[in-house]
Amino acid sequence: MHLAFDQSAHTGPALVCLPMFSMSRAATATAFSPALAGTGLREIYLDLPGHGDTPAHCPPTSQAVLDTVCAWLDNHLDTPALLAGGSYGAYLAAGIARQRPDLVRGLLLVCPGITMARHSRHLPDEPPLDPPPGWLDAAPAALHAHLDTALGHRTPAVVATVLTALNSGGPGDARFQQQLQNGPDYALPDEKTHVVFPGPVSVITGRQDGIVGYTDQFHAMRHYPRGTYTVIDAAGHYLPYEQPTLLRSLAQDWLRRTGVSTPR
């Protein structure tokens, strides 16, 4: 159950933030801490197994990763926590709310994965927004296709911010990540189970997200009777780095609905 983590000095209710796939707790803090500034929450940023500075000490399956996070929550927190995550981290957070709702007080899901099978995702049909010339010049050629698919706010400044996040934090375990992502158990076994989570939820998606899309997330709202759904134009899969001001506004609305914090 060892997970590398950082936490803020605040003493308010715990908000645990889970990273995007292959990214570190440092990148997660860059994504979420501006949106949470001034709330007084005890912000906790975890490195998943095989990510950042956490060793790959569990089988390369999403259920094993989820179980490890649940064990950490059981052993480090005395009360249910707010959970936030981006992409794979949001997928795990939703899975925790299904399997261990006793651990969860509310969910902030940013560009959440809904289904791990790529062929089953409903992605935008429209072409992405036209970028300025040379917007990808600073990115390694190996990342051009990914960023062209993933980004909705397509500017050199956004690319630089995303590259900094991708390169921040511990090295992770590339072999473990590859086994997890390409293995037969990348999807949680209860991925398609209809379970209602009654707590406050905010689902935030990018209109130009070519990785997980935005329509599957809307259909998943049937699981969240206290859920708010937002799709943001000029935003893609790296939404926290593309539209930080809008993320802050939507996160503050979610926090008001949780009843645990309001902006100071």
# chains A, B, ... in the order shown; residues from 1 in each chain; ligands from 1

$ select_by_dssp --residues "range 34-179 of chain A" --states "alpha helix (DSSP H)" --output "NGL selection string"
:A and (34-36 or 62-76 or 88-99 or 144-150 or 156-166 or 174-179)

$ residues_around --residues "Phe176 in chain A" --least-positions-apart "4" --cutoff "10 Å" --atoms "only C-alpha atoms" --output "list in words"
Ser22, Pro49, Gly50, His51, Pro55, Ala56, His57, Cys58, Pro59, Pro60, Thr61, Gly172, Leu180, Gln181 and Asn182 of chain A

$ select_by_dssp --residues "range 33-259 of chain A" --states "strand (DSSP E or B)" --output "ChimeraX atom specification"
/A:42-46,81-86,104-110,201-206,227-232

$ atom_distance --atom1 "CA of Arg98 in chain A" --atom2 "CA of Gly259 in chain A"
21.5 Å

$ residues_around --residues "Thr155 in chain A" --least-positions-apart "4" --cutoff "7 Å" --atoms "only C-alpha atoms" --output "list of chain:residue names"
A:Pro131, A:Pro132, A:Trp135, A:Val159

$ residues_around --residues "range 220-235 of chain A" --least-positions-apart "2" --cutoff "7 Å" --atoms "only C-alpha atoms" --output "PyMOL selection string"
chain A and resi 151-153+194-209+214+216-218+239+242-243

$ write_last_selection --atoms "N, CA and C atoms" --output "mmCIF file, in the first residue's frame"
data_model
loop_
_atom_site.group_PDB
_atom_site.id
_atom_site.type_symbol
_atom_site.label_atom_id
_atom_site.label_comp_id
_atom_site.auth_asym_id
_atom_site.auth_seq_id
_atom_site.Cartn_x
_atom_site.Cartn_y
_atom_site.Cartn_z
ATOM 1 N N LEU A 151 -5.184 17.709 -27.963
ATOM 2 C CA LEU A 151 -5.363 19.104 -27.553
ATOM 3 C C LEU A 151 -6.472 19.805 -28.327
ATOM 4 N N GLY A 152 -7.266 20.581 -27.585
ATOM 5 C CA GLY A 152 -8.279 21.427 -28.193
ATOM 6 C C GLY A 152 -7.852 22.878 -28.242
ATOM 7 N N HIS A 153 -7.173 23.328 -27.208
ATOM 8 C CA HIS A 153 -6.604 24.686 -27.161
ATOM 9 C C HIS A 153 -5.189 24.575 -27.704
ATOM 10 N N HIS A 194 -23.919 -0.831 -13.551
ATOM 11 C CA HIS A 194 -24.691 0.370 -13.212
ATOM 12 C C HIS A 194 -24.817 0.463 -11.696
ATOM 13 N N VAL A 195 -24.023 1.353 -11.111
ATOM 14 C CA VAL A 195 -24.056 1.610 -9.672
ATOM 15 C C VAL A 195 -24.227 3.107 -9.475
ATOM 16 N N VAL A 196 -25.174 3.498 -8.647
ATOM 17 C CA VAL A 196 -25.439 4.915 -8.402
ATOM 18 C C VAL A 196 -24.585 5.404 -7.243
ATOM 19 N N PHE A 197 -23.877 6.510 -7.467
ATOM 20 C CA PHE A 197 -23.149 7.178 -6.391
ATOM 21 C C PHE A 197 -23.907 8.441 -6.026
ATOM 22 N N PRO A 198 -24.378 8.589 -4.794
ATOM 23 C CA PRO A 198 -25.291 9.681 -4.456
ATOM 24 C C PRO A 198 -24.622 11.000 -4.079
ATOM 25 N N GLY A 199 -23.302 11.037 -4.000
ATOM 26 C CA GLY A 199 -22.627 12.256 -3.566
ATOM 27 C C GLY A 199 -22.504 13.288 -4.672
ATOM 28 N N PRO A 200 -22.011 14.491 -4.325
ATOM 29 C CA PRO A 200 -21.831 15.557 -5.321
ATOM 30 C C PRO A 200 -20.736 15.193 -6.325
ATOM 31 N N VAL A 201 -21.040 15.335 -7.592
ATOM 32 C CA VAL A 201 -20.120 14.967 -8.669
ATOM 33 C C VAL A 201 -20.071 16.089 -9.689
ATOM 34 N N SER A 202 -18.890 16.356 -10.199
ATOM 35 C CA SER A 202 -18.751 17.245 -11.346
ATOM 36 C C SER A 202 -17.927 16.529 -12.400
ATOM 37 N N VAL A 203 -18.480 16.399 -13.601
ATOM 38 C CA VAL A 203 -17.801 15.784 -14.735
ATOM 39 C C VAL A 203 -17.511 16.886 -15.748
ATOM 40 N N ILE A 204 -16.235 17.074 -16.055
ATOM 41 C CA ILE A 204 -15.811 18.166 -16.926
ATOM 42 C C ILE A 204 -15.075 17.566 -18.119
ATOM 43 N N THR A 205 -15.533 17.892 -19.324
ATOM 44 C CA THR A 205 -14.982 17.293 -20.533
ATOM 45 C C THR A 205 -14.549 18.367 -21.527
ATOM 46 N N GLY A 206 -13.704 17.952 -22.479
ATOM 47 C CA GLY A 206 -13.237 18.848 -23.528
ATOM 48 C C GLY A 206 -13.932 18.551 -24.849
ATOM 49 N N ARG A 207 -14.427 19.578 -25.499
ATOM 50 C CA ARG A 207 -15.176 19.407 -26.756
ATOM 51 C C ARG A 207 -14.317 18.809 -27.864
ATOM 52 N N GLN A 208 -13.017 19.066 -27.819
ATOM 53 C CA GLN A 208 -12.106 18.551 -28.839
ATOM 54 C C GLN A 208 -11.202 17.437 -28.303
ATOM 55 N N ASP A 209 -11.664 16.706 -27.304
ATOM 56 C CA ASP A 209 -10.887 15.613 -26.724
ATOM 57 C C ASP A 209 -10.942 14.409 -27.653
ATOM 58 N N TYR A 214 -16.358 13.162 -25.316
ATOM 59 C CA TYR A 214 -17.200 13.833 -24.326
ATOM 60 C C TYR A 214 -18.610 13.254 -24.231
ATOM 61 N N ASP A 216 -19.563 9.825 -24.121
ATOM 62 C CA ASP A 216 -19.672 8.705 -23.187
ATOM 63 C C ASP A 216 -19.810 9.212 -21.753
ATOM 64 N N GLN A 217 -19.152 10.320 -21.465
ATOM 65 C CA GLN A 217 -19.210 10.907 -20.118
ATOM 66 C C GLN A 217 -20.611 11.413 -19.810
ATOM 67 N N PHE A 218 -21.296 11.958 -20.815
ATOM 68 C CA PHE A 218 -22.673 12.419 -20.592
ATOM 69 C C PHE A 218 -23.589 11.235 -20.279
ATOM 70 N N LEU A 239 -7.242 19.188 -20.472
ATOM 71 C CA LEU A 239 -8.085 20.334 -20.109
ATOM 72 C C LEU A 239 -7.538 21.178 -18.948
ATOM 73 N N GLU A 242 -5.103 23.404 -20.413
ATOM 74 C CA GLU A 242 -5.618 24.181 -21.539
ATOM 75 C C GLU A 242 -6.571 25.288 -21.091
ATOM 76 N N GLN A 243 -7.388 25.005 -20.082
ATOM 77 C CA GLN A 243 -8.414 25.950 -19.631
ATOM 78 C C GLN A 243 -8.414 26.039 -18.101
#

$ residues_around --residues "range 79-92 of chain A" --least-positions-apart "3" --cutoff "6 Å" --atoms "only C-alpha atoms" --output "PDB file with N, CA and C atoms, in the first residue's frame"
ATOM      1  N   ALA A  14      -9.883  16.334   3.464  1.00  0.00           N
ATOM      2  CA  ALA A  14      -8.936  15.791   2.496  1.00  0.00           C
ATOM      3  C   ALA A  14      -9.547  15.743   1.099  1.00  0.00           C
ATOM      4  N   LEU A  15      -8.746  16.166   0.122  1.00  0.00           N
ATOM      5  CA  LEU A  15      -9.078  16.004  -1.282  1.00  0.00           C
ATOM      6  C   LEU A  15      -7.909  15.279  -1.924  1.00  0.00           C
ATOM      7  N   VAL A  16      -8.149  14.048  -2.377  1.00  0.00           N
ATOM      8  CA  VAL A  16      -7.103  13.200  -2.941  1.00  0.00           C
ATOM      9  C   VAL A  16      -7.187  13.266  -4.459  1.00  0.00           C
ATOM     10  N   CYS A  17      -6.065  13.625  -5.094  1.00  0.00           N
ATOM     11  CA  CYS A  17      -6.022  13.810  -6.544  1.00  0.00           C
ATOM     12  C   CYS A  17      -5.216  12.685  -7.187  1.00  0.00           C
ATOM     13  N   LEU A  18      -5.813  12.042  -8.191  1.00  0.00           N
ATOM     14  CA  LEU A  18      -5.199  10.910  -8.876  1.00  0.00           C
ATOM     15  C   LEU A  18      -4.764  11.329 -10.280  1.00  0.00           C
ATOM     16  N   PRO A  19      -3.592  10.864 -10.731  1.00  0.00           N
ATOM     17  CA  PRO A  19      -2.997  11.373 -11.971  1.00  0.00           C
ATOM     18  C   PRO A  19      -3.553  10.749 -13.238  1.00  0.00           C
ATOM     19  N   MET A  20      -3.285  11.423 -14.335  1.00  0.00           N
ATOM     20  CA  MET A  20      -3.495  10.841 -15.648  1.00  0.00           C
ATOM     21  C   MET A  20      -2.522   9.682 -15.837  1.00  0.00           C
ATOM     22  N   PHE A  21      -2.841   8.799 -16.771  1.00  0.00           N
ATOM     23  CA  PHE A  21      -1.981   7.652 -17.026  1.00  0.00           C
ATOM     24  C   PHE A  21      -0.579   8.117 -17.408  1.00  0.00           C
ATOM     25  N   GLY A  95     -14.306   4.344 -10.238  1.00  0.00           N
ATOM     26  CA  GLY A  95     -14.330   2.948  -9.834  1.00  0.00           C
ATOM     27  C   GLY A  95     -14.332   2.785  -8.322  1.00  0.00           C
ATOM     28  N   LEU A 103     -15.563   5.260   1.117  1.00  0.00           N
ATOM     29  CA  LEU A 103     -14.326   6.041   1.117  1.00  0.00           C
ATOM     30  C   LEU A 103     -14.477   7.403   0.459  1.00  0.00           C
ATOM     31  N   VAL A 104     -15.638   7.665  -0.181  1.00  0.00           N
ATOM     32  CA  VAL A 104     -15.750   8.807  -1.099  1.00  0.00           C
ATOM     33  C   VAL A 104     -16.850   9.761  -0.658  1.00  0.00           C
ATOM     34  N   ARG A 105     -16.506  11.029  -0.579  1.00  0.00           N
ATOM     35  CA  ARG A 105     -17.469  12.067  -0.224  1.00  0.00           C
ATOM     36  C   ARG A 105     -17.987  12.816  -1.452  1.00  0.00           C
ATOM     37  N   GLY A 106     -17.190  12.876  -2.494  1.00  0.00           N
ATOM     38  CA  GLY A 106     -17.594  13.549  -3.723  1.00  0.00           C
ATOM     39  C   GLY A 106     -16.547  13.314  -4.793  1.00  0.00           C
ATOM     40  N   LEU A 107     -16.917  13.531  -6.058  1.00  0.00           N
ATOM     41  CA  LEU A 107     -16.038  13.248  -7.189  1.00  0.00           C
ATOM     42  C   LEU A 107     -15.903  14.462  -8.102  1.00  0.00           C
ATOM     43  N   LEU A 108     -14.666  14.795  -8.455  1.00  0.00           N
ATOM     44  CA  LEU A 108     -14.365  15.778  -9.492  1.00  0.00           C
ATOM     45  C   LEU A 108     -13.637  15.024 -10.598  1.00  0.00           C
ATOM     46  N   LEU A 109     -14.333  14.772 -11.705  1.00  0.00           N
ATOM     47  CA  LEU A 109     -13.830  13.914 -12.778  1.00  0.00           C
ATOM     48  C   LEU A 109     -13.567  14.773 -14.019  1.00  0.00           C
ATOM     49  N   VAL A 110     -12.300  14.908 -14.372  1.00  0.00           N
ATOM     50  CA  VAL A 110     -11.898  15.760 -15.491  1.00  0.00           C
ATOM     51  C   VAL A 110     -11.444  14.862 -16.642  1.00  0.00           C
ATOM     52  N   CYS A 111     -12.111  14.990 -17.779  1.00  0.00           N
ATOM     53  CA  CYS A 111     -11.835  14.152 -18.952  1.00  0.00           C
ATOM     54  C   CYS A 111     -11.731  12.687 -18.563  1.00  0.00           C
ATOM     55  N   PRO A 112     -12.727  12.168 -17.849  1.00  0.00           N
ATOM     56  CA  PRO A 112     -12.610  10.805 -17.333  1.00  0.00           C
ATOM     57  C   PRO A 112     -12.701   9.759 -18.434  1.00  0.00           C
ATOM     58  N   GLY A 113     -11.884   8.723 -18.307  1.00  0.00           N
ATOM     59  CA  GLY A 113     -12.095   7.556 -19.134  1.00  0.00           C
ATOM     60  C   GLY A 113     -13.363   6.846 -18.670  1.00  0.00           C
TER      61      GLY A 113
END

$ residues_around --residues "Thr11 in chain A" --least-positions-apart "2" --cutoff "10 Å" --atoms "only C-alpha atoms" --output "PyMOL selection string"
chain A and resi 8-9+13-14+40-43

$ residues_around --residues "Gly52 in chain A" --least-positions-apart "3" --cutoff "7 Å" --atoms "only C-alpha atoms" --output "PDB file with N, CA and C atoms, in the first residue's frame"
ATOM      1  N   MET A  23       1.500   9.809 -15.790  1.00  0.00           N
ATOM      2  CA  MET A  23       1.929  11.085 -15.227  1.00  0.00           C
ATOM      3  C   MET A  23       2.116  10.980 -13.712  1.00  0.00           C
ATOM      4  N   SER A  24       2.792  11.958 -13.150  1.00  0.00           N
ATOM      5  CA  SER A  24       3.210  11.930 -11.757  1.00  0.00           C
ATOM      6  C   SER A  24       2.332  12.818 -10.889  1.00  0.00           C
ATOM      7  N   ARG A  25       2.564  12.707  -9.576  1.00  0.00           N
ATOM      8  CA  ARG A  25       1.850  13.571  -8.642  1.00  0.00           C
ATOM      9  C   ARG A  25       2.239  15.042  -8.847  1.00  0.00           C
ATOM     10  N   ASP A  47       1.193   9.279  -6.342  1.00  0.00           N
ATOM     11  CA  ASP A  47       1.756   8.557  -7.481  1.00  0.00           C
ATOM     12  C   ASP A  47       1.197   7.146  -7.456  1.00  0.00           C
ATOM     13  N   GLY A 169       8.217  15.234 -12.211  1.00  0.00           N
ATOM     14  CA  GLY A 169       8.058  14.149 -11.254  1.00  0.00           C
ATOM     15  C   GLY A 169       8.988  12.984 -11.518  1.00  0.00           C
ATOM     16  N   GLY A 170       8.779  11.908 -10.776  1.00  0.00           N
ATOM     17  CA  GLY A 170       9.629  10.731 -10.877  1.00  0.00           C
ATOM     18  C   GLY A 170       9.496  10.024 -12.212  1.00  0.00           C
ATOM     19  N   PRO A 171      10.415   9.090 -12.481  1.00  0.00           N
ATOM     20  CA  PRO A 171      10.485   8.474 -13.806  1.00  0.00           C
ATOM     21  C   PRO A 171       9.386   7.469 -14.105  1.00  0.00           C
ATOM     22  N   GLY A 172       8.794   6.856 -13.066  1.00  0.00           N
ATOM     23  CA  GLY A 172       7.813   5.810 -13.307  1.00  0.00           C
ATOM     24  C   GLY A 172       8.471   4.538 -13.823  1.00  0.00           C
TER      25      GLY A 172
END

$ closest_residue --among "A:Ala4, A:Ala27, A:Leu73, A:Ile211" --to "Thr54 in chain A" --atoms "only C-alpha atoms"
A:Ala4

$ decode --residues "range 82-109 of chain A" --atoms "N, CA and C atoms" --output "PDB file, in the first residue's frame"
ATOM      1  N   LEU A  82     -12.853  13.598  -0.532  1.00  0.00           N
ATOM      2  CA  LEU A  82     -13.158  14.056  -1.876  1.00  0.00           C
ATOM      3  C   LEU A  82     -12.111  13.474  -2.804  1.00  0.00           C
ATOM      4  N   LEU A  83     -12.528  12.975  -3.965  1.00  0.00           N
ATOM      5  CA  LEU A  83     -11.600  12.428  -4.945  1.00  0.00           C
ATOM      6  C   LEU A  83     -11.667  13.248  -6.220  1.00  0.00           C
ATOM      7  N   ALA A  84     -10.499  13.576  -6.756  1.00  0.00           N
ATOM      8  CA  ALA A  84     -10.403  14.263  -8.040  1.00  0.00           C
ATOM      9  C   ALA A  84      -9.411  13.506  -8.904  1.00  0.00           C
ATOM     10  N   GLY A  85      -9.604  13.577 -10.199  1.00  0.00           N
ATOM     11  CA  GLY A  85      -8.665  12.906 -11.095  1.00  0.00           C
ATOM     12  C   GLY A  85      -8.869  13.338 -12.517  1.00  0.00           C
ATOM     13  N   GLY A  86      -7.833  13.126 -13.306  1.00  0.00           N
ATOM     14  CA  GLY A  86      -7.905  13.394 -14.736  1.00  0.00           C
ATOM     15  C   GLY A  86      -7.695  12.113 -15.523  1.00  0.00           C
ATOM     16  N   SER A  87      -8.509  11.879 -16.533  1.00  0.00           N
ATOM     17  CA  SER A  87      -8.357  10.752 -17.438  1.00  0.00           C
ATOM     18  C   SER A  87      -8.359   9.422 -16.690  1.00  0.00           C
ATOM     19  N   TYR A  88      -7.235   8.703 -16.680  1.00  0.00           N
ATOM     20  CA  TYR A  88      -7.169   7.411 -15.988  1.00  0.00           C
ATOM     21  C   TYR A  88      -7.395   7.580 -14.489  1.00  0.00           C
ATOM     22  N   GLY A  89      -6.868   8.662 -13.919  1.00  0.00           N
ATOM     23  CA  GLY A  89      -7.104   8.917 -12.502  1.00  0.00           C
ATOM     24  C   GLY A  89      -8.582   9.116 -12.205  1.00  0.00           C
ATOM     25  N   ALA A  90      -9.301   9.780 -13.116  1.00  0.00           N
ATOM     26  CA  ALA A  90     -10.743   9.952 -12.945  1.00  0.00           C
ATOM     27  C   ALA A  90     -11.477   8.627 -13.120  1.00  0.00           C
ATOM     28  N   TYR A  91     -10.993   7.788 -14.034  1.00  0.00           N
ATOM     29  CA  TYR A  91     -11.556   6.447 -14.223  1.00  0.00           C
ATOM     30  C   TYR A  91     -11.451   5.643 -12.932  1.00  0.00           C
ATOM     31  N   LEU A  92     -10.280   5.716 -12.289  1.00  0.00           N
ATOM     32  CA  LEU A  92     -10.087   5.015 -11.024  1.00  0.00           C
ATOM     33  C   LEU A  92     -10.968   5.606  -9.926  1.00  0.00           C
ATOM     34  N   ALA A  93     -11.052   6.939  -9.872  1.00  0.00           N
ATOM     35  CA  ALA A  93     -11.874   7.576  -8.842  1.00  0.00           C
ATOM     36  C   ALA A  93     -13.329   7.131  -8.959  1.00  0.00           C
ATOM     37  N   ALA A  94     -13.839   7.074 -10.178  1.00  0.00           N
ATOM     38  CA  ALA A  94     -15.216   6.605 -10.372  1.00  0.00           C
ATOM     39  C   ALA A  94     -15.350   5.144  -9.964  1.00  0.00           C
ATOM     40  N   GLY A  95     -14.306   4.344 -10.238  1.00  0.00           N
ATOM     41  CA  GLY A  95     -14.330   2.948  -9.834  1.00  0.00           C
ATOM     42  C   GLY A  95     -14.332   2.785  -8.322  1.00  0.00           C
ATOM     43  N   ILE A  96     -13.576   3.625  -7.630  1.00  0.00           N
ATOM     44  CA  ILE A  96     -13.580   3.586  -6.166  1.00  0.00           C
ATOM     45  C   ILE A  96     -14.964   3.926  -5.632  1.00  0.00           C
ATOM     46  N   ALA A  97     -15.618   4.910  -6.241  1.00  0.00           N
ATOM     47  CA  ALA A  97     -16.964   5.283  -5.797  1.00  0.00           C
ATOM     48  C   ALA A  97     -17.956   4.143  -6.015  1.00  0.00           C
ATOM     49  N   ARG A  98     -17.742   3.328  -7.052  1.00  0.00           N
ATOM     50  CA  ARG A  98     -18.607   2.162  -7.271  1.00  0.00           C
ATOM     51  C   ARG A  98     -18.327   1.067  -6.243  1.00  0.00           C
ATOM     52  N   GLN A  99     -17.055   0.773  -6.045  1.00  0.00           N
ATOM     53  CA  GLN A  99     -16.680  -0.394  -5.246  1.00  0.00           C
ATOM     54  C   GLN A  99     -16.562  -0.102  -3.755  1.00  0.00           C
ATOM     55  N   ARG A 100     -16.133   1.125  -3.419  1.00  0.00           N
ATOM     56  CA  ARG A 100     -15.941   1.480  -2.013  1.00  0.00           C
ATOM     57  C   ARG A 100     -16.540   2.864  -1.746  1.00  0.00           C
ATOM     58  N   PRO A 101     -17.841   3.013  -1.874  1.00  0.00           N
ATOM     59  CA  PRO A 101     -18.451   4.334  -1.676  1.00  0.00           C
ATOM     60  C   PRO A 101     -18.242   4.876  -0.274  1.00  0.00           C
ATOM     61  N   ASP A 102     -17.916   3.993   0.680  1.00  0.00           N
ATOM     62  CA  ASP A 102     -17.659   4.451   2.042  1.00  0.00           C
ATOM     63  C   ASP A 102     -16.414   5.319   2.143  1.00  0.00           C
ATOM     64  N   LEU A 103     -15.563   5.260   1.117  1.00  0.00           N
ATOM     65  CA  LEU A 103     -14.326   6.041   1.117  1.00  0.00           C
ATOM     66  C   LEU A 103     -14.477   7.403   0.459  1.00  0.00           C
ATOM     67  N   VAL A 104     -15.638   7.665  -0.181  1.00  0.00           N
ATOM     68  CA  VAL A 104     -15.750   8.807  -1.099  1.00  0.00           C
ATOM     69  C   VAL A 104     -16.850   9.761  -0.658  1.00  0.00           C
ATOM     70  N   ARG A 105     -16.506  11.029  -0.579  1.00  0.00           N
ATOM     71  CA  ARG A 105     -17.469  12.067  -0.224  1.00  0.00           C
ATOM     72  C   ARG A 105     -17.987  12.816  -1.452  1.00  0.00           C
ATOM     73  N   GLY A 106     -17.190  12.876  -2.494  1.00  0.00           N
ATOM     74  CA  GLY A 106     -17.594  13.549  -3.723  1.00  0.00           C
ATOM     75  C   GLY A 106     -16.547  13.314  -4.793  1.00  0.00           C
ATOM     76  N   LEU A 107     -16.917  13.531  -6.058  1.00  0.00           N
ATOM     77  CA  LEU A 107     -16.038  13.248  -7.189  1.00  0.00           C
ATOM     78  C   LEU A 107     -15.903  14.462  -8.102  1.00  0.00           C
ATOM     79  N   LEU A 108     -14.666  14.795  -8.455  1.00  0.00           N
ATOM     80  CA  LEU A 108     -14.365  15.778  -9.492  1.00  0.00           C
ATOM     81  C   LEU A 108     -13.637  15.024 -10.598  1.00  0.00           C
ATOM     82  N   LEU A 109     -14.333  14.772 -11.705  1.00  0.00           N
ATOM     83  CA  LEU A 109     -13.830  13.914 -12.778  1.00  0.00           C
ATOM     84  C   LEU A 109     -13.567  14.773 -14.019  1.00  0.00           C
TER      85      LEU A 109
END
